[in-house]
Amino acid sequence: MNDAMLPLITETVLACLPFYPLISFVLLISFGKHLSWRVAAGLSVGAMVFSALSSLFVIQQLSIDVPVITSHLWTWFTLAEEVNQTTTSINIKFYLDGLSAVMISVVTGIGLLIHIFAAAYMKEDENFSRFMAYMNLFIVAMLILVLADNLVLLYLGWEGVGLCSFLLIGFWYHEKANVMAARKAFIVTRVGDTAMAIGLFMLFKELGQLTIVDITQSAQTLWTTGDDKAYWIALLLLGGAVGKSAQLPLQTWLPDAMAGPTPVSALIHAATMVTAGVYLIARMNSVFLLAPQVMTYVAWLGAATLILAGIAALAQSDIKRVLAYSTMSQIGYMMLSLGAGAFSAGVFHLMTHAFFKALLFLTAGAIILALHHQQNLFKMGGLLKRLPFETALFAVGLVCLIALPGSSGFFSKEAIIAQLWSSNTAGPLLWTCAIFGALLTSIYSCRLFFLAFMGESRFEQSLQPSSSKLVKYSLIALAVLSLVGGMFGNIIETSLAQVFPLVTRSALNEPNWLHSVAIATPFVGIIFSWFYFASYRSKDSAGLNKNIFIESTSGLANFCRQGLGFDCLYHWLLVKPYCSLAKLNRRDIFDQLIMLNAWYVALLHDVLKSSQTGKLRWYAAAIGLATFLLLLVLSVDVISTEAS
Amino acid sequence: MSITLLMCGLLFGGALAWFLEGVKAQSARWVSLLTVLVIGGYFAIALNATAYDFSTLQLLVRVAWISSFHIEYALALDYLSIVLILLTLFLALICVLVSWQEINDKVGFYYFNLLTSIAGIIGVFTAVDMFLFFFFWEVMLLPITALIAIWGHENRHFAAIKFFIFTQLSSLLMLVAIISMSFIHYQQVGQLSFFYQDWLTLDLPLSISQYLMLGFFIAFAVKLPSVPVHSWLPDAHTQAPTAGSVLLAGVLLKTGAYGLIRFVLQLFPQASVNFAPVAATLGVVSILYGAKMAFAQQDLKRLVAYSSISHMGFVMLALFSFNAIAYQGAVLTLVAHGLSSAALFALAGMIYSRIHSRDLNHMGGFWLNTPRMGGFALAFSAAAFGLPGLANFVAEFLSLVGAYQRYPILTILAAFGLIGSAIYGMVLFQGVFHGKCQVKQQAVNDLSSRELLVFSSLLALLIFIGFYPNSILGFFQSDSIIIAINNTVGVSK
């Protein structure tokens with residue numbers, strides 16, 4: 001290959017990278033009904049293979065000398081900026097640097113594995129091709145999101161993934177609950193998106209730029225740290241991020257989103273889309289670093305979410321909802337890390353989390369399928385013996401989630417926690433939150449494991465474990481990634497070093513017991529659970545009160561199960577008033593005011609009509625009365641003129 | 001090129017359809033289809049052949065009409081009117097196609113009315129003699145009123161009368177303003193004139209011009225429509241036959257916006273700048289109120305009608321922001337909304353033809369039997385709630401980015417319309433296609449090939465403009481209107 005040709009080839013490969021799944025989407029949507037399972041699965045997975053190989057290729061081309069590869073497709077539209085009389089082009093242009101390289105490798109790599117799993121998992125569904133088409137479309141939007149060179153194109157991907165998430169949550173649209181969950185997910189994230197859109201308007205007004213590189217440059221020249229405008233813009237962008245990433249206060253949609261098929265939960269609501277908020281903040285780090293106050297907010301929001309979600313996860317009885325809250329909590333860690341200025345640690349955790357959470361969700365899916373769609377933990381139990389393969393994989397996932405030493409989760413989570421104490425925008429208090437969150441993580445993970453896999457089997461029917469090779473291989477691949485994912489730490493560190501500015505921290509005043517505490521915490525949680533949840537893992541059914549396997553209905557447990565009352569709060573604060581306002585004014589008050597005119601005319605018409613009786617006596621009396629009144633008026637007039 | 005030929009052709013085609021219907025049944029729709037195709041083709045070819053530079057208004061014809069009052073027959077074109085005429089002709093095609101099987105009564109007369117109103121609308125977009133403009137303004141109304149009153153749904157007479165009274169009352173104000181302007185011209189120049197470009201040179205004292213501006217503004221605000229004078233629209237839309245709704249939403253509302261751009265902003269720049277905060281506020285109120293009302297509706301067509309009010313609020317806000325970006329956004333909104341709302345009304349019509357109801361409570365779970373229709377409905381609702389990749393997104397984005405430069409607070413409020421539109425979009429799409437399928441609706445058929453043609457052409461345009469908006473915006477980069485607007489704002493600063 002000619003060396004001079006290489007950049008051109010790279011550029012072309014990058015330009016085509018997101019569009020293979022789009023071709024597959026169009027074909028599947030147009031001819032889906034006529035395609036066999038083999039063809040449909042081949043198309044959708046094949047497109048993913050192409051994208052994954054292309055990503056591999058373009059990432060290989062990145063180096064110290066070539067830190068950025070761009071590929072310009074066409075000019076979308078231009079914005080004429082009035083103050084400086086300049087025009088800004090908004091391009092359909094892809095921008096690949098270390099950060100987007102990490103993202104596309106996660107999206108295409110994990111995406112490919114999940115597609116393979118999904119092809120087997122959804123085989124029996126009558127709308128299989130539609131499902132795969134949506135999954136493909138999602139990948140397209142997600143790739144555009146992470147490769148976008150400007151914020152408007154990023155917003156396109158941002159909304160696109162939201163739409164696909166909506167479609168896939170409501171994939172089984174016959175159930176009212178799924179439909180409402182889909183609606184909720186879309187509208188709640190849209191609230192965040194609106195904040196982000198306002199942020200874009202503001203950015204353009206202040207800087208006259210929407211291209212990310214240009215924003216970085218002009219923000220640093222025009223603003224000083226702590227600038228008011230940077231504060232508001234960062235805050236608005238944060239609004240978008242918390243919506244997409246299911247952080248406080250817009251977190252309520254994620255648990256309900258588990259209504260979608262399990263591969264969707266793995267792909268969208270664990271590995272990729274929900275981390276888009278993290279990506280946005282990491283990508284816009286230049287603006288955030290100019291607003292240290294917002295960085296602190298990010299850290300606190302992350303900390304609050306990770307504790308809140310951890311507590312909620314303790315009370316769930318649905319295996320997928322436990323994982324959903326766990327996702328929320330882990331993204332809380334990423335946010336905390338970003339807020340502390342530890343950008344690359346946050347992105348690293350994003351990647352390892354994608355590995356092990358996808359593994360957990362997919363294994364959960366395999367278990368749920370084997371149990372005839374039973375998702376209730378209290379109806380499982382003793383699966384260790386009955387599904388040893390799945391149990392082993394799930395255990396691998398949980399080990400990473402708990403962050404036991406050696407697992408991928410350990411490396412990334414420790415990297416985050418290690419940087420909190422002495423960060424300017426975080427501090428010891430947030431470090432304590434993170435440690436407490438780690439404790440919660442290990443407790444709810446153990447509870448989940450004991451309930452589902454240990455103790456006595458409470459599932460009476462025979463199991464139907466999947467025998468598909470596709471399922472097995474994709475799960476094993478994910479498990480391997482989860483175990484060894486920690487080794488990517490150095491690669492990521494070096495590739496991100498050029499993207500993120502170095503945030504200075506003084507590690508001098510850190511007490512030396514920090515690391516030991518961080519490493520010991522998960523074990524404390526496990527030991528605690530071992531005794532506290534002893535009844536869940538006990539095999540001695542005779543000596544046990546069966547009642548413990550019934551969901552607790554105490555007030556506190558219910559409160560935690562409902563996600564600490566946020567749903568209820570928003571229902572009464574926002575949903576209810578909006579609905580009743582709409583209902584109250586369904587007839588349109590303006591219309592009724594205007595129709596008063598019509599009513600008034602009709603009234604006059606009726607009054608006059610009623611005088612038209614056709615009776616001679618009536619008319620004669622009317623004439624007489626009118627003559628009398630006329631004379632009266634005249635005489636009063638005459639008298640008054642004479643008097644004057 | 002001859003716009004007159006365009007209008008005469010449409011009139012002639014309509015008359016021919018009316019006449020031939022008596023000779024051979026069902027010929028009317030073929031005649032109308034051919035007429036629209038031929039006229040559209042002629043317009044496209046003529047545009048390509050012409051050497052005019054349409055970035056400024058180009059006078060095409062000017063002859064005396066009623067010479068004692070110096071009333072002339074004068075037509076002119078610029079890119080704004082060209083884009084709107086192209087939109088009109090395209091939607092005329094859609095109108096003919098969606099009426100194909102819906103109309104079975106007095107078919108010839110129906111198509112005559114349809115084509116006459118289209119001719120009137122083209123006249124409105126091109127007339128530069130204000131008396132002639134007013135004439136066309138009335139010409140387009142009567143056939144549409146007839147469309148509603150004769151071929152409408154159960155409450156059609158009420159809706160037609162309401163529509164007629166609203167527009168007549170408001171255009172009366174405009175007539176007064178037009179006559180006053182002519183007299184002012186008499187005072188200043190010494191003779192009456194209704195010629196638009198004569199009026200541009202008048203030196204109007206602000207005290208008078210603000211009242212005259214209001215006369216025009218109210219007429220166009222009713223047509224746009226803007227809260228609080230919007231309430232004719234839901235009734236008219238709901239009761240009109242499908243093509244009537246398509247025409248109303250797709251084109252008729254745009255005459256209001258066109259009037260604002262061409263006459264209010266350009267004849268009375270200073271008065272408009274002074275009035276802008278009020279108008280922009282009205283726009284924001286329309287956005288939010290329309291979105292909220294759309295959510296509350298049970299009637300599918302009413303829902304779409306209120307969503308139109310919401311979208312037209314963006315136009316109002318953008319136009320009165322006096323900003324080049326916002327102006328481009330407003331023009332693009334006209335096109336994008338014309339296509340997307342036409343598609344949604346066509347959808348409502350197709351559903352009505354299947355289940356004879358517009359009530360969302362009678363719908364649900366249609367995806368099972370009509371996945372194709374569902375897919376298109378999803379795309380069109382996505383257009384309505386401004387999904388990037390479709391034309392409406394670029395339009396709304398430009399409008400808001402531009403408006404933010406002048407009215408940050410109002411624009412932030414307007415942005416809440418994005419949430420509102422997501423809510424009614426969900427209600428619309430999920431209400432029809434998601435949920436449990438009711439047993440008796442098992443027989444709902446998927447799209448016929450004619451319907452598929454309608455939908456796919458609309459969607460293709462929405463996607464094309466969504467990804468390549470420069471196909472339209474390119475004409476408005478150095479538009480004289482933008483320069484005029486910028487000058488006005490520069491003066492007022």
# chains A, B, ... in the order shown; residues from 1 in each chain; ligands from 1
>>> residues_around(residues="segment 97-104 of chain A", least_positions_apart="4", cutoff="10 Å", atoms="only C-alpha atoms", output="PyMOL selection string")
chain A and resi 17-18+51-52+54-56+58-60+62-63+66-70+108-111+139+142-148+272+275-276+279+282-283+344+347-348+350-351+491-500
>>> interface_residues(of="chain A", to="chain B", cutoff="7 Å", atoms="only C-alpha atoms", output="VMD selection string")
chain A and resid 76 to 77 79 to 80 156 159 173 to 176 179 183 187 190 to 191 194 198 201 205 582 to 583 586 590 to 591
>>> residues_around(residues="Ser81 of chain B", least_positions_apart="5", cutoff="10 Å", atoms="only C-alpha atoms", output="list in words")
Phe54, Leu57, Ala76, Leu86, Leu87, Ile122, Val124, Phe125, Thr126, Ala127, Tyr258 and Arg262 of chain B
>>> select_by_dssp(residues="segment 65-170 of chain B", states="strand (DSSP E)", output="JSON, numbers by chain")
{"B": [65, 66, 71, 72, 73, 74, 75, 76, 77]}
>>> write_last_selection(atoms="N, CA and C atoms", output="PDB file, in the first residue's frame")
ATOM      1  N   TRP B  65     -55.156  48.014 -14.672  1.00  0.00           N
ATOM      2  CA  TRP B  65     -56.356  47.202 -14.532  1.00  0.00           C
ATOM      3  C   TRP B  65     -57.556  48.121 -14.382  1.00  0.00           C
ATOM      4  N   ILE B  66     -57.636  48.859 -13.261  1.00  0.00           N
ATOM      5  CA  ILE B  66     -58.705  49.833 -13.099  1.00  0.00           C
ATOM      6  C   ILE B  66     -57.997  51.181 -13.057  1.00  0.00           C
ATOM      7  N   ILE B  71     -55.186  51.202 -10.190  1.00  0.00           N
ATOM      8  CA  ILE B  71     -55.030  49.815  -9.764  1.00  0.00           C
ATOM      9  C   ILE B  71     -54.449  49.046 -10.942  1.00  0.00           C
ATOM     10  N   GLU B  72     -53.423  48.247 -10.640  1.00  0.00           N
ATOM     11  CA  GLU B  72     -52.732  47.564 -11.725  1.00  0.00           C
ATOM     12  C   GLU B  72     -52.761  46.059 -11.524  1.00  0.00           C
ATOM     13  N   TYR B  73     -52.470  45.381 -12.596  1.00  0.00           N
ATOM     14  CA  TYR B  73     -52.265  43.942 -12.515  1.00  0.00           C
ATOM     15  C   TYR B  73     -50.765  43.735 -12.532  1.00  0.00           C
ATOM     16  N   ALA B  74     -50.169  43.531 -11.361  1.00  0.00           N
ATOM     17  CA  ALA B  74     -48.706  43.469 -11.279  1.00  0.00           C
ATOM     18  C   ALA B  74     -48.297  42.246 -10.482  1.00  0.00           C
ATOM     19  N   LEU B  75     -47.450  41.445 -11.093  1.00  0.00           N
ATOM     20  CA  LEU B  75     -46.961  40.241 -10.425  1.00  0.00           C
ATOM     21  C   LEU B  75     -45.443  40.286 -10.376  1.00  0.00           C
ATOM     22  N   ALA B  76     -44.896  39.755  -9.278  1.00  0.00           N
ATOM     23  CA  ALA B  76     -43.435  39.721  -9.159  1.00  0.00           C
ATOM     24  C   ALA B  76     -43.043  38.463  -8.406  1.00  0.00           C
ATOM     25  N   LEU B  77     -41.785  38.122  -8.551  1.00  0.00           N
ATOM     26  CA  LEU B  77     -41.280  36.897  -7.928  1.00  0.00           C
ATOM     27  C   LEU B  77     -39.954  37.186  -7.247  1.00  0.00           C
TER      28      LEU B  77
END
>>> select_by_dssp(residues="segment 354-552 of chain A", states="alpha helix (DSSP H)", output="number ranges by chain")
A: 354-370, 383-386, 388-402, 408-418, 428-453, 469-484, 489-497, 514-532, 534-537
>>> closest_residue(among="A:Tyr95, A:Tyr134, A:Phe128, A:Phe117", to="Leu35 of chain A", atoms="only C-alpha atoms")
A:Phe128
>>> residues_around(residues="Asp53 of chain B", least_positions_apart="5", cutoff="10 Å", atoms="only C-alpha atoms", output="PDB file with N, CA and C atoms, in the first residue's frame")
ATOM      1  N   GLN B  58     -38.411  40.538  -8.520  1.00  0.00           N
ATOM      2  CA  GLN B  58     -38.350  40.786  -9.965  1.00  0.00           C
ATOM      3  C   GLN B  58     -39.768  40.954 -10.509  1.00  0.00           C
ATOM      4  N   LEU B  77     -41.785  38.122  -8.551  1.00  0.00           N
ATOM      5  CA  LEU B  77     -41.280  36.897  -7.928  1.00  0.00           C
ATOM      6  C   LEU B  77     -39.954  37.186  -7.247  1.00  0.00           C
ATOM      7  N   ASP B  78     -39.748  36.554  -6.089  1.00  0.00           N
ATOM      8  CA  ASP B  78     -38.393  36.425  -5.589  1.00  0.00           C
ATOM      9  C   ASP B  78     -38.268  35.027  -5.002  1.00  0.00           C
ATOM     10  N   TYR B  79     -37.139  34.728  -4.402  1.00  0.00           N
ATOM     11  CA  TYR B  79     -36.941  33.343  -3.946  1.00  0.00           C
ATOM     12  C   TYR B  79     -37.990  32.926  -2.922  1.00  0.00           C
TER      13      TYR B  79
END
>>> closest_residue(among="B:Tyr110, B:Phe166, B:Phe263, B:Phe131", to="Ile178 of chain B", atoms="only C-alpha atoms")
B:Phe131
>>> residues_around(residues="Ala342 of chain A", least_positions_apart="3", cutoff="7 Å", atoms="only C-alpha atoms", output="list in words")
Ser337, Leu338, Ala345, Gly346, Ile416 and Gln419 of chain A
>>> write_last_selection(atoms="C-alpha atoms", output="compact mmCIF listing (two decimals), in the first residue's frame")
# COMPACT_ATOMS: atom_id res chain seq x y z
CA SER A 337 -14.84 11.20 38.55
CA LEU A 338 -15.48 13.83 35.88
CA ALA A 345 -10.46 7.54 35.01
CA GLY A 346 -14.13 8.28 34.34
CA ILE A 416 -11.54 7.10 40.38
CA GLN A 419 -8.22 10.88 42.78
>>> residues_around(residues="segment 455-457 of chain B", least_positions_apart="3", cutoff="9 Å", atoms="only C-alpha atoms", output="PDB file with C-alpha atoms, in the first residue's frame")
ATOM      1  CA  ALA B 343     -48.335  14.352   6.072  1.00  0.00           C
ATOM      2  CA  ALA B 346     -53.040  12.838   5.299  1.00  0.00           C
ATOM      3  CA  LEU B 347     -52.397  10.214   7.960  1.00  0.00           C
ATOM      4  CA  MET B 373     -48.288   3.238   8.067  1.00  0.00           C
ATOM      5  CA  PHE B 376     -44.337   6.645   8.361  1.00  0.00           C
ATOM      6  CA  ARG B 450     -51.204   5.433  -3.827  1.00  0.00           C
ATOM      7  CA  GLU B 451     -50.906   6.209  -0.124  1.00  0.00           C
ATOM      8  CA  LEU B 452     -47.400   4.822  -0.099  1.00  0.00           C
ATOM      9  CA  ALA B 460     -38.098  11.773   1.179  1.00  0.00           C
ATOM     10  CA  LEU B 461     -38.380  15.556   0.980  1.00  0.00           C
ATOM     11  CA  LEU B 462     -38.322  15.952   4.750  1.00  0.00           C
TER      12      LEU B 462
END
>>> closest_residue(among="A:Phe410, A:Thr391, A:Met454, A:Leu439", to="Met487 of chain A", atoms="only C-alpha atoms")
A:Phe410
>>> atom_distance(atom1="atom CA of His373 of chain A", atom2="atom CA of Ser554 of chain A")
26.8 Å
>>> residues_around(residues="segment 32-48 of chain B", least_positions_apart="5", cutoff="9 Å", atoms="only C-alpha atoms", output="list in words")
Met1, Ser2, Ile3, Leu5, Leu6, Met7, Gly9, Leu10, Phe12, Gly13, Gly14, Leu16, Ala17, Ser27, Ile82, Leu86, Leu89, Phe90, Ala92, Leu93, Val96, Leu97, Tyr111, Phe112 and Leu115 of chain B
>>> closest_residue(among="B:Gln239, B:Thr255, B:Gln26, B:Gln191", to="Arg156 of chain B", atoms="only C-alpha atoms")
B:Gln239
